[in-house]
Structures are given as C-alpha cells and as structure tokens.
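The next block is input.txt, given as compact mmCIF, C-alpha atoms.
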# COMPACT_ATOMS: atom_id res chain seq x y z
CA MET A 287 0.00 0.00 0.00
CA LYS A 288 2.86 2.39 0.83
CA LYS A 289 4.36 1.85 -2.62
CA ALA A 290 1.06 2.80 -4.24
CA VAL A 291 0.86 5.99 -2.17
CA VAL A 292 4.45 6.90 -3.06
CA LEU A 293 3.79 6.22 -6.74
CA LEU A 294 0.65 8.38 -6.70
CA ALA A 295 2.58 11.16 -4.97
CA LEU A 296 5.30 10.95 -7.62
CA LEU A 297 2.71 11.07 -10.39
CA ALA A 298 1.19 14.17 -8.81
CA LEU A 299 4.63 15.77 -8.61
CA VAL A 300 5.76 15.09 -12.15
CA GLY A 301 2.53 14.61 -14.05
CA CYS A 302 1.89 11.46 -16.03
CA ASP A 303 5.22 11.21 -17.84
CA GLU A 304 6.29 7.64 -17.20
CA ASP A 305 9.96 8.35 -17.98
CA ASP A 306 10.11 11.09 -15.34
CA VAL A 307 8.65 8.72 -12.74
CA LYS A 308 11.19 6.03 -13.66
CA ASP A 309 14.02 8.57 -13.41
CA ILE A 310 12.88 9.76 -9.98
CA LEU A 311 12.62 6.20 -8.72
CA LYS A 312 16.28 5.79 -9.81
CA GLY A 313 17.21 9.04 -8.05
CA GLN A 314 17.72 10.91 -11.31
CA THR A 315 16.17 13.87 -13.10
CA LYS A 316 16.73 15.98 -16.20
CA VAL A 317 18.00 19.51 -16.60
CA PHE A 318 18.30 21.49 -19.80
CA ALA A 319 20.21 24.39 -21.26
CA VAL A 320 19.38 26.40 -24.35
CA SER A 321 21.73 25.45 -27.18
CA GLY A 322 20.26 27.56 -29.95
CA VAL A 323 17.32 29.61 -31.17
CA GLU A 324 15.34 30.03 -34.36
CA VAL A 325 15.07 33.73 -35.22
CA GLU A 326 12.40 35.25 -37.44
CA GLY A 327 11.98 38.96 -38.17
CA SER A 328 14.92 40.08 -36.05
CA ALA A 329 15.12 43.75 -35.15
CA THR A 330 18.90 43.34 -34.81
CA GLY A 331 19.51 42.60 -38.49
CA LEU A 332 20.11 38.88 -38.03
CA PRO A 333 18.78 36.91 -41.04
CA ASP A 334 15.96 34.44 -40.33
CA GLY A 335 17.20 30.99 -39.38
CA TYR A 336 18.38 28.70 -36.60
CA TYR A 337 21.53 29.71 -34.71
CA LYS A 338 23.61 28.10 -31.99
CA LEU A 339 23.91 30.54 -29.09
CA ILE A 340 27.62 31.05 -29.78
CA ASP A 341 26.81 32.12 -33.36
CA LEU A 342 24.35 34.90 -32.50
CA ASN A 343 25.37 38.49 -33.11
CA ASP A 344 25.98 40.66 -30.03
CA ASP A 345 22.74 42.63 -30.37
CA THR A 346 20.64 39.46 -30.49
CA LYS A 347 22.56 37.99 -27.53
CA ALA A 348 21.87 41.19 -25.60
CA SER A 349 18.12 40.81 -26.24
CA LEU A 350 18.03 37.38 -24.58
CA PRO A 351 17.04 37.27 -20.91
CA ASP A 352 19.77 37.11 -18.27
CA SER A 353 17.98 34.11 -16.79
CA LEU A 354 18.31 32.11 -20.02
CA PRO A 355 19.71 28.70 -18.99
CA ASP A 356 22.83 28.46 -21.13
CA GLY A 357 25.13 26.06 -19.33
CA ILE A 358 27.23 23.50 -21.20
CA LYS A 359 28.01 19.86 -20.39
CA ALA A 360 31.53 20.77 -19.25
CA ASP A 361 29.98 22.94 -16.51
CA LEU A 362 28.30 19.85 -15.09
CA THR A 363 31.32 17.58 -15.33
CA ASN A 364 33.63 20.25 -13.90
CA ALA A 365 31.32 20.40 -10.88
CA ASP A 366 31.63 16.60 -10.48
CA ILE A 367 28.04 16.05 -11.60
CA THR A 368 27.64 12.74 -13.40
CA VAL A 369 25.75 12.97 -16.69
CA HIS A 370 23.92 9.65 -17.08
CA ALA A 371 22.41 10.47 -20.48
CA GLN A 372 22.25 13.31 -22.96
CA SER A 373 19.55 14.17 -25.48
CA CYS A 374 18.01 17.15 -27.27
CA GLY A 375 14.70 18.92 -27.24
CA GLN A 376 12.93 21.96 -28.55
CA ILE A 377 10.33 24.45 -27.44
CA VAL A 378 8.18 25.99 -30.13
CA VAL A 379 7.46 29.51 -28.90
CA ASP A 380 3.84 30.27 -29.77
CA GLU A 381 2.75 32.62 -27.03
CA GLY A 382 5.92 33.67 -25.29
CA LEU A 383 8.41 31.79 -23.17
CA CYS A 384 9.53 32.98 -19.75
CA PHE A 385 11.94 31.28 -17.36
CA GLU A 386 10.69 32.93 -14.16
CA SER A 387 7.14 33.32 -12.94
CA GLY A 388 5.92 36.92 -13.03
CA ASN A 389 9.16 38.32 -14.47
CA LYS A 390 8.82 39.77 -17.98
CA ALA A 391 12.60 40.30 -18.12
CA SER A 392 12.98 36.49 -18.12
CA CYS A 393 11.02 36.12 -21.38
CA VAL A 394 12.60 35.48 -24.77
CA PRO A 395 11.95 38.23 -27.35
CA SER A 396 9.12 37.74 -29.85
CA GLU A 397 11.61 37.22 -32.71
CA ILE A 398 12.56 33.85 -31.16
CA LYS A 399 10.27 31.22 -32.68
CA LYS A 400 11.95 28.02 -31.46
CA VAL A 401 14.42 27.20 -28.71
CA GLY A 402 16.80 24.25 -29.04
CA LEU A 403 17.78 22.40 -25.87
CA ASP A 404 20.60 20.19 -24.65
CA ILE A 405 19.08 17.87 -22.04
CA TYR A 406 21.13 16.06 -19.40
CA LYS A 407 20.06 13.33 -16.98
CA ILE A 408 21.75 13.84 -13.61
CA ASP A 409 21.36 12.65 -10.02
CA LEU A 410 18.42 14.23 -8.24
CA GLY A 411 20.71 15.43 -5.45
CA ASP A 412 22.67 17.56 -7.94
CA ILE A 413 19.70 19.55 -9.21
CA LYS A 414 20.38 22.70 -7.14
CA THR A 415 24.05 22.74 -8.18
CA ALA A 416 23.06 22.35 -11.83
CA GLN A 417 20.56 25.19 -11.46
CA ASN A 418 23.34 27.40 -10.11
CA LEU A 419 25.40 26.48 -13.20
CA ASP A 420 22.72 27.90 -15.57
CA PHE A 421 20.69 24.76 -16.19
CA TYR A 422 16.91 24.61 -15.92
CA PRO A 423 15.27 21.73 -14.04
CA THR A 424 12.62 19.85 -16.01
CA LEU A 425 10.88 19.26 -12.69
CA ALA A 426 10.79 22.96 -11.92
CA ALA A 427 7.96 22.56 -9.44
CA GLU A 428 10.35 20.53 -7.26
CA LEU A 429 12.52 23.61 -6.64
CA GLY A 430 9.66 26.03 -6.09
CA GLY A 431 10.46 29.72 -6.13
CA LEU A 432 10.20 31.56 -9.43
CA PHE A 433 10.56 28.50 -11.67
CA VAL A 434 7.75 27.68 -14.08
CA GLN A 435 7.04 24.26 -15.50
CA ILE A 436 8.29 24.32 -19.10
CA ASP A 437 7.26 21.56 -21.46
CA TYR A 438 9.45 20.62 -24.40
CA ASP A 439 9.46 18.08 -27.21
CA ASP A 440 12.20 15.47 -27.45
CA VAL A 441 13.93 15.70 -30.84
CA ASN A 442 16.88 14.12 -32.60
CA CYS A 443 19.89 16.38 -32.01
CA ALA A 444 20.59 16.47 -35.76
CA THR A 445 17.27 18.25 -36.37
CA LEU A 446 18.38 21.30 -34.42
CA LYS A 447 19.81 23.30 -37.29
As a first step, turn the structure in this file into structure tokens.
Amino acid sequence: MKKAVVLLALLALVGCDEDDVKDILKGQTKVFAVSGVEVEGSATGLPDGYYKLIDLNDDTKASLPDSLPDGIKADLTNADITVHAQSCGQIVVDEGLCFESGNKASCVPSEIKKVGLDIYKIDLGDIKTAQNLDFYPTLAAELGGLFVQIDYDDVNCATLK
C-alpha cells in the first residue's frame, strides 16, 4: 500500500510522464540548457534561421534574458556532476516563453520562434548545483520559487539546425 501511495505522490509531482517517474525512482532527473534559437523577423539585423547561441550576433545575444539557462556539459562535469544520459529537445514559442514566474525580463523576445535544448540526466541530489550552473530543471515545481514548468518536445539532435 505504501508503494502505491508513493507512486501516486510521484505522479502528482511530475505529471503522467512515465519516464520522469522512472528517473525519480532511480534518483535521477533531467536539466536542460538552451543550445540555440530560431530567429524570425529580427530587429537586430540577423537573417531568419536557426543559430547556436555562440553564433548569435551581439545585439541578439543582448536581447536574450539574463535568466536564459545556457550552461554547457563541461559545466556539469567540472562540478563533479555525473551525466547519465544526454539528449536534445525543442520548445516551439507560440505565445511567449519565460523562465521565471511573473518576471517579464525572463522572457525570450518575440523574434525567437523556437528554442533548441541540450538535455542532461543527472542525479536528483545535484539539481540545485546544476541550477546554479545555468541549467533549468525539467521538474521545476520541485525547486519552487520563481521556476515555471516548461514543457518541451524530445527531438533528434541532428534536427536542431
């Protein structure tokens, strides 16, 4: 009976995503960082297209929110965080995307139409450290505070171009 109660509590915490429940039962979770963005109608003169963050011009970089999670895998490994798996995802930005609840300065500009993600599976105990290294927890509700739950689609990394 206790196992059923724990499982129901986990489902309430993470929603109905079976993979998230399996990860939590293993003591793991996922964090993501923005790897690139698709720009359309840029006011900074950047031609329409998909760009890795490092390839954006300075004006476009300056328009991105300071709270944009932009860590890289080396940040995790340098902090002795084990990366159990790596994948990619994307967020199609239809009606705005903000990384902090109630903070308009945390929103991506309207010229950003898609956000590419590098997703890393790490130990649950390392989630706060990863957050401090500019990664966003997929189980944002777990950390509370200003985090908002952000849904993304899993994609093949080669499609992020």
- Could you jot down the CA of Asp352 in chain A to CA of Glu381 in chain A separation for me, Å, one decimal place?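 Between CA of Asp352 in chain A and CA of Glu381 in chain A the gap is 19.7 Å.
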- Query: CA of Phe318 in chain A and CA of Gly388 in chain A are how many Å apart?
  - Reply: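 About the pair CA of Phe318 in chain A and CA of Gly388 in chain A: they are 20.9 Å apart.
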- Determine the nearest neighbour of Ser321 in chain A from the options A:Leu403, A:Leu425, A:Cys384, A:Ile413, counting all atoms listed in the file.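 Answer, going by the shortest atom-to-atom distance: A:Leu403.
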- Could you tell me how far CA of Glu397 in chain A lies from CA of Asn442 in chain A, in Å and to one decimal? 23.7 Å
- Among the residues A:Ala319, A:Ala444, A:Ile436, A:Ala371, the one that comes closest to Ala416 in chain A [using only C-alpha atoms]: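 Closest candidate: A:Ala319.
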- Which residues come within 10 Å of Thr445 in chain A, counting only C-alpha atoms, excluding same-chain residues fewer than 4 positions away, as a PyMOL selection string? chain A and resi 374-376+402+441
- Item | Selection near Leu362 in chain A, 12 Å with only C-alpha atoms, sequence-local residues under 5 positions removed, as JSON, numbers by chain | {"A": [317, 318, 319, 356, 357, 367, 368, 369, 370, 372, 405, 406, 407, 408, 409, 412, 413, 414, 415, 416, 417, 418, 419, 420, 421]}
- Pick the closest to Val379 in chain A from A:Ser392, A:Ile340, A:Ile358, A:Ile398: which is it, counting only C-alpha atoms?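 Of A:Ser392, A:Ile340, A:Ile358, A:Ile398, the one nearest Val379 in chain A, counting only C-alpha atoms, is A:Ile398.
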- Query: So which one's closest to Leu383 in chain A, A:Lys347, A:Asp437, A:Pro333, A:Leu339? Using all atoms listed in the file, please.
  - Reply: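 The shortest atom-to-atom distance to Leu383 in chain A comes from A:Asp437.
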- Task: Compare A:Lys359, A:Lys447, A:Lys400, A:Lys338 by their minimum atom-to-atom distance to Glu324 in chain A, counting all atoms listed in the file, and give me the closest one.
- Result: A:Lys400
- Item | Closest of A:Cys443, A:Val401, A:Ala360, A:Leu350 to Tyr336 in chain A - atom-to-atom distances counting only C-alpha atoms |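 For Tyr336 in chain A, the nearest of the given residues is A:Val401.
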Can you sort out the box for range 345-361 of chain A, edges along x, y and z, all listed atoms in, 8 Å on every side, with centre and edge lengths in Å to one decimal, as lines of an AutoDock Vina configuration file?
center_x = 24.3
center_y = 31.2
center_z = -23.5
size_x = 30.5
size_y = 38.8
size_z = 30.0
- Query: Can you tell me, as a list in words, which residues sit within 12 Å of (13.6, 9.0, -14.7) in the file's frame, using all atoms listed in the file?
  - Reply: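 The residues near that point, listed by chain and number, are Leu296, Leu297, Val300, Asp303, Glu304, Asp305, Asp306, Val307, Lys308, Asp309, Ile310, Leu311, Lys312, Gly313, Gln314, Thr315, Lys316, Val317, His370, Ala371, Tyr406, Lys407, Ile408, Asp409, Leu410, Thr424 and Leu425 of chain A.
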- Task: Determine, counting only C-alpha atoms, which protein, DNA and RNA residues have an atom within 12 Å of an atom of Ala348 in chain A; residues of the same chain fewer than 2 positions away are not included. Present the result as a list in words.
- Result: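 My list of contacting residues is Ala329, Thr330, Leu339, Leu342, Asn343, Asp344, Asp345, Thr346, Leu350, Pro351, Asp352, Ser353, Leu354, Ala391, Val394 and Pro395 of chain A.
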Where atoms are missing, can you supply N, CA and C atoms for range 355-374 of chain A and output the lot as a PDB file, in the coordinates of the input?
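Resulting contents of result-v7.pdb:
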ATOM      1  N   PRO A 355      18.801  29.778 -19.418  1.00  0.00           N
ATOM      2  CA  PRO A 355      19.710  28.700 -18.990  1.00  0.00           C
ATOM      3  C   PRO A 355      20.636  28.319 -20.141  1.00  0.00           C
ATOM      4  N   ASP A 356      21.904  28.656 -20.011  1.00  0.00           N
ATOM      5  CA  ASP A 356      22.830  28.460 -21.130  1.00  0.00           C
ATOM      6  C   ASP A 356      24.097  27.723 -20.729  1.00  0.00           C
ATOM      7  N   GLY A 357      23.980  26.839 -19.741  1.00  0.00           N
ATOM      8  CA  GLY A 357      25.130  26.060 -19.330  1.00  0.00           C
ATOM      9  C   GLY A 357      25.541  25.059 -20.406  1.00  0.00           C
ATOM     10  N   ILE A 358      26.741  24.529 -20.268  1.00  0.00           N
ATOM     11  CA  ILE A 358      27.230  23.500 -21.200  1.00  0.00           C
ATOM     12  C   ILE A 358      27.622  22.260 -20.391  1.00  0.00           C
ATOM     13  N   LYS A 359      27.726  21.127 -21.071  1.00  0.00           N
ATOM     14  CA  LYS A 359      28.010  19.860 -20.390  1.00  0.00           C
ATOM     15  C   LYS A 359      29.268  19.949 -19.535  1.00  0.00           C
ATOM     16  N   ALA A 360      30.279  20.646 -20.016  1.00  0.00           N
ATOM     17  CA  ALA A 360      31.530  20.770 -19.250  1.00  0.00           C
ATOM     18  C   ALA A 360      31.291  21.427 -17.890  1.00  0.00           C
ATOM     19  N   ASP A 361      30.301  22.323 -17.806  1.00  0.00           N
ATOM     20  CA  ASP A 361      29.980  22.940 -16.510  1.00  0.00           C
ATOM     21  C   ASP A 361      29.554  21.871 -15.509  1.00  0.00           C
ATOM     22  N   LEU A 362      28.753  20.920 -15.966  1.00  0.00           N
ATOM     23  CA  LEU A 362      28.300  19.850 -15.090  1.00  0.00           C
ATOM     24  C   LEU A 362      29.457  18.944 -14.674  1.00  0.00           C
ATOM     25  N   THR A 363      30.232  18.501 -15.648  1.00  0.00           N
ATOM     26  CA  THR A 363      31.320  17.580 -15.330  1.00  0.00           C
ATOM     27  C   THR A 363      32.402  18.249 -14.489  1.00  0.00           C
ATOM     28  N   ASN A 364      32.655  19.530 -14.722  1.00  0.00           N
ATOM     29  CA  ASN A 364      33.630  20.250 -13.900  1.00  0.00           C
ATOM     30  C   ASN A 364      33.176  20.401 -12.456  1.00  0.00           C
ATOM     31  N   ALA A 365      31.865  20.322 -12.233  1.00  0.00           N
ATOM     32  CA  ALA A 365      31.320  20.400 -10.880  1.00  0.00           C
ATOM     33  C   ALA A 365      31.122  19.000 -10.281  1.00  0.00           C
ATOM     34  N   ASP A 366      31.735  18.000 -10.914  1.00  0.00           N
ATOM     35  CA  ASP A 366      31.630  16.600 -10.480  1.00  0.00           C
ATOM     36  C   ASP A 366      30.198  16.081 -10.481  1.00  0.00           C
ATOM     37  N   ILE A 367      29.395  16.567 -11.417  1.00  0.00           N
ATOM     38  CA  ILE A 367      28.040  16.050 -11.600  1.00  0.00           C
ATOM     39  C   ILE A 367      28.101  15.013 -12.720  1.00  0.00           C
ATOM     40  N   THR A 368      27.654  13.813 -12.414  1.00  0.00           N
ATOM     41  CA  THR A 368      27.640  12.740 -13.400  1.00  0.00           C
ATOM     42  C   THR A 368      26.482  12.936 -14.365  1.00  0.00           C
ATOM     43  N   VAL A 369      26.788  12.908 -15.654  1.00  0.00           N
ATOM     44  CA  VAL A 369      25.750  12.970 -16.690  1.00  0.00           C
ATOM     45  C   VAL A 369      25.481  11.534 -17.120  1.00  0.00           C
ATOM     46  N   HIS A 370      24.281  11.035 -16.780  1.00  0.00           N
ATOM     47  CA  HIS A 370      23.920   9.650 -17.080  1.00  0.00           C
ATOM     48  C   HIS A 370      23.443   9.475 -18.518  1.00  0.00           C
ATOM     49  N   ALA A 371      22.896  10.522 -19.092  1.00  0.00           N
ATOM     50  CA  ALA A 371      22.410  10.470 -20.480  1.00  0.00           C
ATOM     51  C   ALA A 371      22.298  11.886 -21.005  1.00  0.00           C
ATOM     52  N   GLN A 372      22.361  12.005 -22.312  1.00  0.00           N
ATOM     53  CA  GLN A 372      22.250  13.310 -22.960  1.00  0.00           C
ATOM     54  C   GLN A 372      21.318  13.175 -24.154  1.00  0.00           C
ATOM     55  N   SER A 373      20.466  14.174 -24.349  1.00  0.00           N
ATOM     56  CA  SER A 373      19.550  14.170 -25.480  1.00  0.00           C
ATOM     57  C   SER A 373      19.268  15.620 -25.874  1.00  0.00           C
ATOM     58  N   CYS A 374      18.362  15.799 -26.810  1.00  0.00           N
ATOM     59  CA  CYS A 374      18.010  17.150 -27.270  1.00  0.00           C
ATOM     60  C   CYS A 374      16.503  17.332 -27.245  1.00  0.00           C
TER      61      CYS A 374
END
